[in-house]
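For reference, the structure is listed below as structure tokens.
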Amino acid sequence: MNLTCTYLSYRLFAYVCVESISLLADITKLQNSKQHQSSSSSPLSLFTVVLAGEYNSGKSTLINALLGSEFQESGVLPTTDAITILIANDNGDTTNNDTNSADIDSTSIGLDGFSTQLHLLPTKKYPILSDLCLIDTPGTNAILSLQHTSSTLRILHDADLIVFVTSADRPFSESEKQLLQTSIKSYRKRVILVINKMDILERQQGEDHGEETKQRVEDYVIEHASDLLGARPVVIPLSARDALSVKLLYNSSNGMSSEGSDNDQSSLLWKRSNFASLEDYLSKTLTTSSKIRTKMLNPIGVVEGVLRDCQHEIERRTDDLEVDATTLRLLTSQTEAWEKEIQTDVIDKCQSDIGQVIIRRSQVAKRVIGELSLLDQLKIGYGMSKDIFDSAWEHVCRHNQPVSITPNTNYQNALENKLSSITNDCVDKLSSRAQRQGNDTLEYLGKRPAIINGKGGKMVGSVSTPKFQRLKELHPSMISVIQSSTEKLPNDSESRDQVYKSLSRSALFSSLFTASALIPGTLSMLEAIETTTGALGSTTLAVMGCIFLPIMNRQLSKSFEKECTNKTVHLQTTLDRLLDNAMDNIKSDIADSIAPYSRYVKSEGEHLKELTDQLDQGIASTQSLRTKINKACQ
């Protein structure tokens, strides 16, 4: 169903109103062309009664009984293969009672592509047509009757009243239930159910005239029709054949009652036919006010039926879209989970490895000092054991650092290579896992072929596997940052000389403090100072000499570590920013790859919301108009 804003607009209401009188308009044009329309009546004021039902249910016989003549052909085989319209012609010659005389004007017309027979009958001879237009439709459910069924369904939409005819020998079959529910209930048509051929039950049941069976059949039809229509319908059991026989016998078209017959047998037959109930309903129960209200409500019922069809279609498409909305939410959830996993397994590990390299680099001085004994350190203070210091430095750099250093290898180059190796491994993992995530996303979307193929809506563009082109720029950018950061670090030779000089000064001062501890002791022995003072002075200087070197070594280690950390903080900050940007680009590429799908879900949701709002407005308008018509016609 093509659901558009125009389809749900008020122009639909106007269109259906025009369609509801299209049949009468066609008849009007035909009458005007033949000059059969009198100045005192208008076909638009006629109340259209459509007879519908399965083939061989007795619709044609029912028409003949209403007219009081064998006007329509009837039989056990499908006889009515065209829509037959019976309408009054007040200008005809009413003196002749022959139904085949010139006062009956018959012609074939093309009505919406269906074969249609139009008969203009004199009103005085057929008073039932004074304010009614009778329409006989082809029987449904006959073999090779698809066209018949189609024409019947089409004319039902234009009916003011539907006389639904079912047969007493096969009451309310499944096909009749379906026709009543799908084609009549949907458009809220006024309908009466006629159970025809009740005389068959009388003949089959013998002397009791089948009263119990008749009642069971009537109850069965009432029960099932009430379930289908949602309200108890008007049900009239009758025998059109018996009524027609009585009318033909007395050659009367004014109806018949038991009081109007001199023949007891005919009177009894007329009473058993119960045909007077139908005639009374058509002539008395259907008051002028009732007919006007029904005729005015008819197009509203059609509109409401169309709106219900639209509502069902919107609900179906909304249910389908909810599956896609759920799919999109799952994709978003999966991407977020994947992002957390990448952050932990790849990015955080890369940052941790780089941090470890920088930390171990900054701890070189501390580790070298730890390799030297106190005696070696004191010798260094006197300019001795330079070779011992160099050996300790090379040992730490070669064995205790994350980079391999050889005598011919520059430490900065080795550090740069190590950092490059870490970042290269990070970028490779990031790229491969991003590509895998993109493929998994497309594979998951592939399980929604209805949307990929555009079923139920149009998707602008097509989903595709993301290329992640911007990831190719990540590794060169990280290498550039590493090179820039490592160039700011002092080279290995400068760092070694700086640490050696600082260690030499600390060891020299420590030695001097230790050696000066002998002076107070010597003076006290020479009695130059008091013994207590000399002992205290010697102890103080000795302690100062012992603790000065460790304190200065610790300060040297912290100073070297701080210098390295400060000069590499830019590296860590920049790498963090690059990796964060890379993750943003990956998510952006994945989002762009499924953007047509996301846009479809969003736009279709907005479109369905707009249609729902318009639908609600249309339903409210028809309900308001129905209420006003009911009040006006009370």
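Letters for chains follow the order of the structure tokens (A, B, ...), residue numbers begin at 1 for each chain, and ligand numbers begin at 1 in the order shown.
Residues within 9 Å of Ile619 in chain A, counting only C-alpha atoms and excluding same-chain residues fewer than 6 positions away, are Val303, Glu304, Leu307 and Arg308 of chain A.
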Per residue of range 512-571 of chain A within 7 Å of range 481-491 of chain A, which atom pair is closest and at what distance in Å (one decimal), using only C-alpha atoms, listed by chain and increasing number, as JSON lines?
{"residue": "A:Cys564", "atom": "CA", "partner": "A:Leu489", "partner_atom": "CA", "distance": 6.8}
{"residue": "A:Lys567", "atom": "CA", "partner": "A:Leu489", "partner_atom": "CA", "distance": 6.4}
{"residue": "A:Thr568", "atom": "CA", "partner": "A:Ser485", "partner_atom": "CA", "distance": 5.9}
{"residue": "A:His570", "atom": "CA", "partner": "A:Ser485", "partner_atom": "CA", "distance": 6.9}
{"residue": "A:Leu571", "atom": "CA", "partner": "A:Ser485", "partner_atom": "CA", "distance": 5.6}
For the residues selected in the previous step, produce a file with N, CA, C and O atoms as a short mmCIF file (atom, residue, chain, number, x, y, z; two decimals), in the first residue's frame.
data_model
loop_
_atom_site.label_atom_id
_atom_site.label_comp_id
_atom_site.auth_asym_id
_atom_site.auth_seq_id
_atom_site.Cartn_x
_atom_site.Cartn_y
_atom_site.Cartn_z
N CYS A 564 64.62 13.15 32.23
CA CYS A 564 64.16 12.27 31.15
C CYS A 564 62.64 12.31 31.01
O CYS A 564 62.10 12.37 29.90
N LYS A 567 61.36 15.58 29.49
CA LYS A 567 61.64 15.72 28.06
C LYS A 567 60.88 14.72 27.20
O LYS A 567 60.90 14.82 25.98
N THR A 568 60.21 13.73 27.83
CA THR A 568 59.42 12.75 27.06
C THR A 568 57.91 12.88 27.31
O THR A 568 57.13 12.11 26.77
N HIS A 570 55.99 15.19 26.29
CA HIS A 570 55.36 15.57 25.02
C HIS A 570 55.08 14.33 24.17
O HIS A 570 54.05 14.25 23.48
N LEU A 571 56.02 13.38 24.24
CA LEU A 571 55.84 12.15 23.47
C LEU A 571 54.58 11.41 23.91
O LEU A 571 53.74 11.04 23.08
#
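Minimum distance to Ser69 in chain A across A:Ile195, A:Ala535, A:Leu244, A:Leu445 (counting only C-alpha atoms) occurs at A:Leu244.
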Arg361 in chain A: which residues within 12 Å, counting only C-alpha atoms, same-chain residues fewer than 2 positions away excluded, as a ChimeraX atom specification? /A:354-359,363-368,396-398,400-403,411-412,414-416,418-419,486,489-492,495,557,560-565,567-568
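Distance annotation: of A:Val302, A:Leu503, A:Ile155, A:Asp387, the residue with the minimal separation from Arg554 in chain A is A:Leu503; atom set is only C-alpha atoms.
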Non-local contacts of Asn64 in chain A (10 Å; only C-alpha atoms; under 3 positions in same chain excluded) as a PyMOL selection string: chain A and resi 58-61+67-74+240-241+243-244+247-248+253
Taking all heavy atoms for each residue, export the selection above as a compact mmCIF listing (two decimals), in the first residue's frame.
# COMPACT_ATOMS: atom_id res chain seq x y z
N GLY A 58 -29.72 -17.47 -4.47
CA GLY A 58 -31.07 -17.00 -4.72
C GLY A 58 -31.22 -15.51 -4.80
O GLY A 58 -32.32 -14.98 -4.58
N LYS A 59 -30.15 -14.79 -5.16
CA LYS A 59 -30.24 -13.32 -5.24
C LYS A 59 -31.19 -12.90 -6.36
O LYS A 59 -32.03 -12.00 -6.19
CB LYS A 59 -28.84 -12.73 -5.49
CG LYS A 59 -27.85 -12.99 -4.37
CD LYS A 59 -26.57 -12.21 -4.55
CE LYS A 59 -25.90 -12.51 -5.90
NZ LYS A 59 -25.55 -13.94 -6.02
N SER A 60 -31.06 -13.54 -7.53
CA SER A 60 -31.92 -13.16 -8.65
C SER A 60 -33.39 -13.47 -8.35
O SER A 60 -34.28 -12.68 -8.70
CB SER A 60 -31.47 -13.90 -9.92
OG SER A 60 -30.15 -13.53 -10.28
N THR A 61 -33.64 -14.61 -7.71
CA THR A 61 -35.01 -14.93 -7.33
C THR A 61 -35.55 -13.92 -6.33
O THR A 61 -36.73 -13.54 -6.37
CB THR A 61 -35.07 -16.35 -6.72
OG1 THR A 61 -34.52 -17.29 -7.66
CG2 THR A 61 -36.49 -16.75 -6.38
N LEU A 67 -39.84 -7.54 -7.24
CA LEU A 67 -40.50 -6.91 -8.37
C LEU A 67 -41.86 -7.54 -8.66
O LEU A 67 -42.71 -6.93 -9.30
CB LEU A 67 -39.62 -7.01 -9.61
CG LEU A 67 -38.26 -6.29 -9.55
CD1 LEU A 67 -37.47 -6.56 -10.83
CD2 LEU A 67 -38.45 -4.80 -9.33
N GLY A 68 -42.04 -8.78 -8.23
CA GLY A 68 -43.27 -9.48 -8.52
C GLY A 68 -43.33 -10.04 -9.92
O GLY A 68 -44.43 -10.28 -10.45
N SER A 69 -42.20 -10.24 -10.54
CA SER A 69 -42.16 -10.79 -11.90
C SER A 69 -40.84 -11.52 -12.09
O SER A 69 -39.86 -11.26 -11.39
CB SER A 69 -42.30 -9.68 -12.94
OG SER A 69 -41.19 -8.79 -12.86
N GLU A 70 -40.80 -12.42 -13.06
CA GLU A 70 -39.58 -13.17 -13.34
C GLU A 70 -38.68 -12.34 -14.27
O GLU A 70 -38.46 -12.66 -15.43
CB GLU A 70 -39.91 -14.52 -13.97
CG GLU A 70 -40.61 -15.46 -13.00
CD GLU A 70 -40.84 -16.83 -13.60
OE1 GLU A 70 -41.46 -16.90 -14.68
OE2 GLU A 70 -40.38 -17.82 -12.99
N PHE A 71 -38.19 -11.27 -13.70
CA PHE A 71 -37.38 -10.32 -14.49
C PHE A 71 -35.96 -10.84 -14.68
O PHE A 71 -35.41 -10.78 -15.76
CB PHE A 71 -37.37 -8.96 -13.79
CG PHE A 71 -36.77 -7.88 -14.60
CD1 PHE A 71 -37.53 -7.17 -15.52
CD2 PHE A 71 -35.43 -7.56 -14.46
CE1 PHE A 71 -36.96 -6.17 -16.29
CE2 PHE A 71 -34.86 -6.56 -15.23
CZ PHE A 71 -35.63 -5.86 -16.15
N GLN A 72 -35.35 -11.34 -13.60
CA GLN A 72 -33.98 -11.83 -13.64
C GLN A 72 -33.96 -13.33 -13.90
O GLN A 72 -34.78 -14.08 -13.36
CB GLN A 72 -33.26 -11.54 -12.31
CG GLN A 72 -32.89 -10.08 -12.10
CD GLN A 72 -31.71 -9.68 -12.92
OE1 GLN A 72 -31.88 -9.31 -14.10
NE2 GLN A 72 -30.54 -9.75 -12.34
N GLU A 73 -33.02 -13.77 -14.70
CA GLU A 73 -32.84 -15.20 -14.95
C GLU A 73 -32.25 -15.85 -13.71
O GLU A 73 -31.36 -15.30 -13.06
CB GLU A 73 -31.93 -15.42 -16.15
CG GLU A 73 -31.73 -16.88 -16.50
CD GLU A 73 -30.78 -17.07 -17.67
OE1 GLU A 73 -30.30 -16.05 -18.22
OE2 GLU A 73 -30.51 -18.23 -18.03
N SER A 74 -32.74 -17.03 -13.35
CA SER A 74 -32.24 -17.73 -12.17
C SER A 74 -32.08 -19.20 -12.51
O SER A 74 -32.67 -19.71 -13.47
CB SER A 74 -33.21 -17.56 -10.99
OG SER A 74 -34.49 -18.09 -11.30
N ALA A 240 -37.71 -16.76 -1.02
CA ALA A 240 -37.99 -15.89 -2.16
C ALA A 240 -38.78 -16.65 -3.23
O ALA A 240 -39.63 -16.07 -3.92
CB ALA A 240 -36.68 -15.35 -2.73
N ARG A 241 -38.53 -17.93 -3.38
CA ARG A 241 -39.23 -18.72 -4.39
C ARG A 241 -40.74 -18.78 -4.08
O ARG A 241 -41.59 -18.60 -4.96
CB ARG A 241 -38.65 -20.12 -4.47
CG ARG A 241 -39.32 -21.01 -5.52
CD ARG A 241 -38.66 -22.37 -5.56
NE ARG A 241 -37.26 -22.27 -5.95
CZ ARG A 241 -36.86 -22.20 -7.24
NH1 ARG A 241 -37.75 -22.20 -8.21
NH2 ARG A 241 -35.58 -22.13 -7.52
N ALA A 243 -42.47 -16.69 -2.20
CA ALA A 243 -43.04 -15.35 -2.34
C ALA A 243 -43.28 -15.01 -3.81
O ALA A 243 -44.32 -14.43 -4.16
CB ALA A 243 -42.12 -14.32 -1.70
N LEU A 244 -42.29 -15.36 -4.66
CA LEU A 244 -42.45 -15.09 -6.09
C LEU A 244 -43.63 -15.88 -6.67
O LEU A 244 -44.40 -15.37 -7.49
CB LEU A 244 -41.16 -15.43 -6.83
CG LEU A 244 -41.18 -15.26 -8.35
CD1 LEU A 244 -41.49 -13.80 -8.73
CD2 LEU A 244 -39.85 -15.69 -8.96
N LYS A 247 -46.83 -14.14 -5.72
CA LYS A 247 -46.99 -12.87 -6.45
C LYS A 247 -47.33 -13.12 -7.91
O LYS A 247 -48.14 -12.41 -8.52
CB LYS A 247 -45.73 -12.03 -6.32
CG LYS A 247 -45.57 -11.38 -4.96
CD LYS A 247 -44.47 -10.33 -4.98
CE LYS A 247 -44.38 -9.59 -3.67
NZ LYS A 247 -43.42 -8.49 -3.69
N LEU A 248 -46.68 -14.11 -8.51
CA LEU A 248 -46.98 -14.43 -9.90
C LEU A 248 -48.41 -14.94 -10.03
O LEU A 248 -49.11 -14.65 -11.02
CB LEU A 248 -45.99 -15.47 -10.43
CG LEU A 248 -44.54 -14.99 -10.65
CD1 LEU A 248 -43.65 -16.15 -11.10
CD2 LEU A 248 -44.49 -13.86 -11.67
N SER A 253 -47.56 -6.55 -7.62
CA SER A 253 -46.23 -6.07 -7.23
C SER A 253 -46.28 -5.22 -5.99
O SER A 253 -45.35 -4.53 -5.65
CB SER A 253 -45.62 -5.23 -8.37
OG SER A 253 -46.43 -4.09 -8.62
Would you please give, as a ChimeraX atom specification, all residues of range 395-613 of chain A that DSSP assigns to alpha helix (DSSP H) based on the backbone? /A:395-399,411-445,449-452,474-487,492-516,518-525,531-593,595-613
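Of the residues under consideration (A:Gln469, A:Asn413, A:Thr166, A:Thr574), A:Gln469 shows the shortest atom-to-atom contact distance to Ala434 in chain A when counting only C-alpha atoms.
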